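Engineer: Submitted below is the structure of interest, expressed as structure tokens.
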Amino acid sequence: MVWVEIPVWRLKNGQKTAGTDKVQVLSSIADEVKAIFTEIYNGPEQFPIQSIGAYSWRGNGLGSYHSAGMAIDINPDQNPQVRMDGTVLVGNKWEPGVNPYSIGRDSDVVKAFGKYGWTWGAMFSTKDYMHFEW
């Protein structure tokens with residue numbers, strides 16, 4: 001695992017400001033992660049990132065791309081994990097186009113990860129709007 005510094009947009013008093021954040025990922029995908037977030041940063045949307053997570057050991061016996069450093073969660077409060085019956089497991093309400101932190105289907109975020117072949121958790125049966133995996 002390695003730490004990767006990435007460029008991000010932050011929202012402060014309703015204005016977007018440039019900044020950086022760090023994510024811990026599998027070393028073999030570090031350059032790709034940096035490229036993805038550089039594309040998001042340089043995109044016309046200037047998608048703001050409030051919080052981000054990647055490597056996280058999950059010792060519950062379930063296979064997780066987070067445990068391998070091959071998954072990234074972006075703005076989990078505004079991009080929830082939701083069961084097919086509508087039960088929210090993690091996060092709050094998904095409101096792309098209304099909440100600037102929610103990831104829209106045609107957003108710079110989805111396009112950048114898709115360009116590199118990552119899977120978006122919105123495609124899972126239990127929707128995971130915050131989640132991208134390699």
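By convention in this document, the chains of the structure tokens carry letters A, B, ... by their order, each chain's residues are numbered from 1, and ligands are numbered from 1 in the order they are shown.
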From a DSSP calculation on the backbone, collect every residue of chain A in alpha helix (DSSP H) and output the set as a list of chain:residue names.

Structural biologist: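 DSSP on the backbone gives alpha helix (DSSP H) at A:Ala30, A:Asp31, A:Glu32, A:Val33, A:Lys34, A:Ala35, A:Ile36, A:Phe37, A:Thr38, A:Glu39, A:Ile40, A:Tyr41, A:Asn42, A:Asp108, A:Val109, A:Val110, A:Lys111, A:Ala112, A:Phe113, A:Gly114, A:Lys115.
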
Engineer: Could the residues of range 68-127 of chain A that have an atom at most 9 Å from range 20-34 of chain A be listed as CSV, each with its closest atom pair and the distance in Å to one decimal, counting only C-alpha atoms and ordered by chain and ascending residue number?

Structural biologist:
```
residue,atom,partner,partner_atom,distance
A:Ala68,CA,A:Leu26,CA,6.8
A:Gly69,CA,A:Val25,CA,4.3
A:Met70,CA,A:Leu26,CA,6.2
A:Ala71,CA,A:Val25,CA,7.8
A:Ile72,CA,A:Val23,CA,8.3
A:Phe113,CA,A:Val33,CA,8.8
A:Tyr116,CA,A:Glu32,CA,7.7
```

Engineer: For Tyr101 in chain A, list every protein, DNA or RNA residue within 9 Å, evaluated using only C-alpha atoms, and leave out those in the same chain fewer than 3 positions away; present the list as a PyMOL selection string.

Structural biologist: chain A and resi 47-50+74-75+77-79+95-96+98

Engineer: Would you mind telling me which residue in A:Asp106, A:Asp73, A:Glu45, A:Asp128 lies nearest to Gly86 in chain A when using only C-alpha atoms?

Structural biologist: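 Closest residue, counting only C-alpha atoms: A:Asp128.
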
Engineer: DSSP on the backbone, then: every residue of range 15-133 of chain A marked strand (DSSP E), written as a PDB file with N, CA, C and O atoms, in the first residue's frame.

Structural biologist:
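So result.pdb came out as:
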```pdb
ATOM      1  N   GLN A  15     -18.066  28.511  -2.338  1.00  0.00           N
ATOM      2  CA  GLN A  15     -17.094  28.706  -3.415  1.00  0.00           C
ATOM      3  C   GLN A  15     -16.169  27.502  -3.508  1.00  0.00           C
ATOM      4  O   GLN A  15     -15.782  26.936  -2.487  1.00  0.00           O
ATOM      5  N   LYS A  16     -15.798  27.136  -4.715  1.00  0.00           N
ATOM      6  CA  LYS A  16     -14.857  26.031  -4.906  1.00  0.00           C
ATOM      7  C   LYS A  16     -13.435  26.541  -4.768  1.00  0.00           C
ATOM      8  O   LYS A  16     -13.070  27.574  -5.351  1.00  0.00           O
ATOM      9  N   THR A  17     -12.648  25.806  -3.979  1.00  0.00           N
ATOM     10  CA  THR A  17     -11.246  26.163  -3.793  1.00  0.00           C
ATOM     11  C   THR A  17     -10.385  24.928  -4.045  1.00  0.00           C
ATOM     12  O   THR A  17     -10.796  23.804  -3.753  1.00  0.00           O
ATOM     13  N   ALA A  18      -9.211  25.170  -4.598  1.00  0.00           N
ATOM     14  CA  ALA A  18      -8.290  24.074  -4.908  1.00  0.00           C
ATOM     15  C   ALA A  18      -7.633  23.567  -3.639  1.00  0.00           C
ATOM     16  O   ALA A  18      -7.339  24.333  -2.721  1.00  0.00           O
ATOM     17  N   GLY A  19      -7.404  22.252  -3.590  1.00  0.00           N
ATOM     18  CA  GLY A  19      -6.727  21.651  -2.457  1.00  0.00           C
ATOM     19  C   GLY A  19      -6.161  20.299  -2.836  1.00  0.00           C
ATOM     20  O   GLY A  19      -6.149  19.926  -4.012  1.00  0.00           O
ATOM     21  N   THR A  20      -5.697  19.579  -1.848  1.00  0.00           N
ATOM     22  CA  THR A  20      -5.205  18.225  -2.059  1.00  0.00           C
ATOM     23  C   THR A  20      -5.743  17.331  -0.950  1.00  0.00           C
ATOM     24  O   THR A  20      -6.175  17.803   0.106  1.00  0.00           O
ATOM     25  N   ASP A  21      -5.711  16.040  -1.201  1.00  0.00           N
ATOM     26  CA  ASP A  21      -6.069  15.039  -0.206  1.00  0.00           C
ATOM     27  C   ASP A  21      -5.148  13.854  -0.446  1.00  0.00           C
ATOM     28  O   ASP A  21      -4.379  13.846  -1.413  1.00  0.00           O
ATOM     29  N   LYS A  22      -5.208  12.861   0.432  1.00  0.00           N
ATOM     30  CA  LYS A  22      -4.406  11.655   0.274  1.00  0.00           C
ATOM     31  C   LYS A  22      -5.291  10.430   0.402  1.00  0.00           C
ATOM     32  O   LYS A  22      -6.214  10.412   1.220  1.00  0.00           O
ATOM     33  N   VAL A  23      -4.999   9.426  -0.425  1.00  0.00           N
ATOM     34  CA  VAL A  23      -5.666   8.130  -0.341  1.00  0.00           C
ATOM     35  C   VAL A  23      -4.610   7.041  -0.335  1.00  0.00           C
ATOM     36  O   VAL A  23      -3.558   7.172  -0.960  1.00  0.00           O
ATOM     37  N   GLN A  24      -4.901   5.976   0.385  1.00  0.00           N
ATOM     38  CA  GLN A  24      -3.980   4.843   0.432  1.00  0.00           C
ATOM     39  C   GLN A  24      -4.544   3.744  -0.458  1.00  0.00           C
ATOM     40  O   GLN A  24      -5.689   3.309  -0.275  1.00  0.00           O
ATOM     41  N   VAL A  25      -3.725   3.317  -1.430  1.00  0.00           N
ATOM     42  CA  VAL A  25      -4.151   2.317  -2.414  1.00  0.00           C
ATOM     43  C   VAL A  25      -3.023   1.316  -2.676  1.00  0.00           C
ATOM     44  O   VAL A  25      -1.881   1.528  -2.265  1.00  0.00           O
ATOM     45  N   ILE A  52     -13.047  11.276   1.438  1.00  0.00           N
ATOM     46  CA  ILE A  52     -12.649  10.195   0.547  1.00  0.00           C
ATOM     47  C   ILE A  52     -11.969   9.103   1.370  1.00  0.00           C
ATOM     48  O   ILE A  52     -11.282   9.380   2.343  1.00  0.00           O
ATOM     49  N   GLY A  53     -12.196   7.860   0.978  1.00  0.00           N
ATOM     50  CA  GLY A  53     -11.554   6.741   1.648  1.00  0.00           C
ATOM     51  C   GLY A  53     -11.184   5.677   0.635  1.00  0.00           C
ATOM     52  O   GLY A  53     -11.809   5.557  -0.414  1.00  0.00           O
ATOM     53  N   ALA A  71     -10.242  -0.079  -3.991  1.00  0.00           N
ATOM     54  CA  ALA A  71     -11.550   0.575  -4.021  1.00  0.00           C
ATOM     55  C   ALA A  71     -11.439   1.946  -3.377  1.00  0.00           C
ATOM     56  O   ALA A  71     -10.630   2.164  -2.480  1.00  0.00           O
ATOM     57  N   ILE A  72     -12.279   2.853  -3.865  1.00  0.00           N
ATOM     58  CA  ILE A  72     -12.301   4.225  -3.355  1.00  0.00           C
ATOM     59  C   ILE A  72     -13.752   4.629  -3.138  1.00  0.00           C
ATOM     60  O   ILE A  72     -14.603   4.398  -4.004  1.00  0.00           O
ATOM     61  N   ASP A  73     -14.025   5.223  -1.981  1.00  0.00           N
ATOM     62  CA  ASP A  73     -15.338   5.785  -1.681  1.00  0.00           C
ATOM     63  C   ASP A  73     -15.213   7.302  -1.653  1.00  0.00           C
ATOM     64  O   ASP A  73     -14.309   7.845  -1.016  1.00  0.00           O
ATOM     65  N   ILE A  74     -16.142   7.969  -2.341  1.00  0.00           N
ATOM     66  CA  ILE A  74     -16.131   9.422  -2.434  1.00  0.00           C
ATOM     67  C   ILE A  74     -17.412   9.983  -1.825  1.00  0.00           C
ATOM     68  O   ILE A  74     -18.514   9.552  -2.191  1.00  0.00           O
ATOM     69  N   GLN A  81     -25.119   3.901   0.195  1.00  0.00           N
ATOM     70  CA  GLN A  81     -25.271   2.508  -0.210  1.00  0.00           C
ATOM     71  C   GLN A  81     -26.729   2.162   0.105  1.00  0.00           C
ATOM     72  O   GLN A  81     -27.180   2.332   1.240  1.00  0.00           O
ATOM     73  N   VAL A  82     -27.465   1.689  -0.912  1.00  0.00           N
ATOM     74  CA  VAL A  82     -28.908   1.517  -0.787  1.00  0.00           C
ATOM     75  C   VAL A  82     -29.332   0.138  -1.290  1.00  0.00           C
ATOM     76  O   VAL A  82     -28.999  -0.234  -2.419  1.00  0.00           O
ATOM     77  N   VAL A  88     -31.480   2.509   3.217  1.00  0.00           N
ATOM     78  CA  VAL A  88     -30.144   3.100   3.163  1.00  0.00           C
ATOM     79  C   VAL A  88     -29.274   2.433   4.217  1.00  0.00           C
ATOM     80  O   VAL A  88     -29.605   2.427   5.396  1.00  0.00           O
ATOM     81  N   LEU A  89     -28.168   1.835   3.783  1.00  0.00           N
ATOM     82  CA  LEU A  89     -27.250   1.139   4.683  1.00  0.00           C
ATOM     83  C   LEU A  89     -26.159   2.059   5.210  1.00  0.00           C
ATOM     84  O   LEU A  89     -25.752   1.962   6.364  1.00  0.00           O
ATOM     85  N   VAL A  90     -25.643   2.918   4.352  1.00  0.00           N
ATOM     86  CA  VAL A  90     -24.575   3.858   4.704  1.00  0.00           C
ATOM     87  C   VAL A  90     -24.868   5.166   3.987  1.00  0.00           C
ATOM     88  O   VAL A  90     -25.248   5.165   2.818  1.00  0.00           O
ATOM     89  N   THR A 119     -15.170  -0.007 -11.993  1.00  0.00           N
ATOM     90  CA  THR A 119     -16.602  -0.257 -11.862  1.00  0.00           C
ATOM     91  C   THR A 119     -17.188   0.690 -10.819  1.00  0.00           C
ATOM     92  O   THR A 119     -16.628   0.849  -9.734  1.00  0.00           O
ATOM     93  N   TRP A 120     -18.324   1.282 -11.153  1.00  0.00           N
ATOM     94  CA  TRP A 120     -19.034   2.151 -10.217  1.00  0.00           C
ATOM     95  C   TRP A 120     -20.061   1.327  -9.456  1.00  0.00           C
ATOM     96  O   TRP A 120     -20.837   0.570 -10.054  1.00  0.00           O
ATOM     97  N   LYS A 127     -27.146  -0.691  -4.537  1.00  0.00           N
ATOM     98  CA  LYS A 127     -26.475   0.484  -5.102  1.00  0.00           C
ATOM     99  C   LYS A 127     -25.475   1.048  -4.098  1.00  0.00           C
ATOM    100  O   LYS A 127     -25.796   1.211  -2.930  1.00  0.00           O
ATOM    101  N   ASP A 128     -24.279   1.333  -4.567  1.00  0.00           N
ATOM    102  CA  ASP A 128     -23.219   1.875  -3.717  1.00  0.00           C
ATOM    103  C   ASP A 128     -22.637   3.079  -4.451  1.00  0.00           C
ATOM    104  O   ASP A 128     -21.585   2.997  -5.090  1.00  0.00           O
ATOM    105  N   HIS A 131     -18.905   4.292  -4.259  1.00  0.00           N
ATOM    106  CA  HIS A 131     -17.886   3.270  -4.428  1.00  0.00           C
ATOM    107  C   HIS A 131     -17.426   3.088  -5.875  1.00  0.00           C
ATOM    108  O   HIS A 131     -18.240   2.951  -6.783  1.00  0.00           O
ATOM    109  N   PHE A 132     -16.099   3.073  -6.044  1.00  0.00           N
ATOM    110  CA  PHE A 132     -15.472   2.724  -7.328  1.00  0.00           C
ATOM    111  C   PHE A 132     -14.416   1.671  -7.036  1.00  0.00           C
ATOM    112  O   PHE A 132     -13.674   1.781  -6.058  1.00  0.00           O
ATOM    113  N   GLU A 133     -14.355   0.642  -7.899  1.00  0.00           N
ATOM    114  CA  GLU A 133     -13.353  -0.407  -7.665  1.00  0.00           C
ATOM    115  C   GLU A 133     -12.642  -0.760  -8.957  1.00  0.00           C
ATOM    116  O   GLU A 133     -13.201  -0.719 -10.036  1.00  0.00           O
TER     117      GLU A 133
END
```

Engineer: May I ask which of the residues A:Ser64, A:Val109, A:Gly121, A:Thr126 is the closest one to Asp85 in chain A, counting only C-alpha atoms?

Structural biologist: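 For Asp85 in chain A, the nearest of the given residues is A:Thr126.
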
Engineer: Compare A:Tyr129, A:Asp108, A:Phe124, A:Trp94 by their minimum atom-to-atom distance to Thr38 in chain A, counting only C-alpha atoms, and give me the closest one.

Structural biologist: A:Asp108
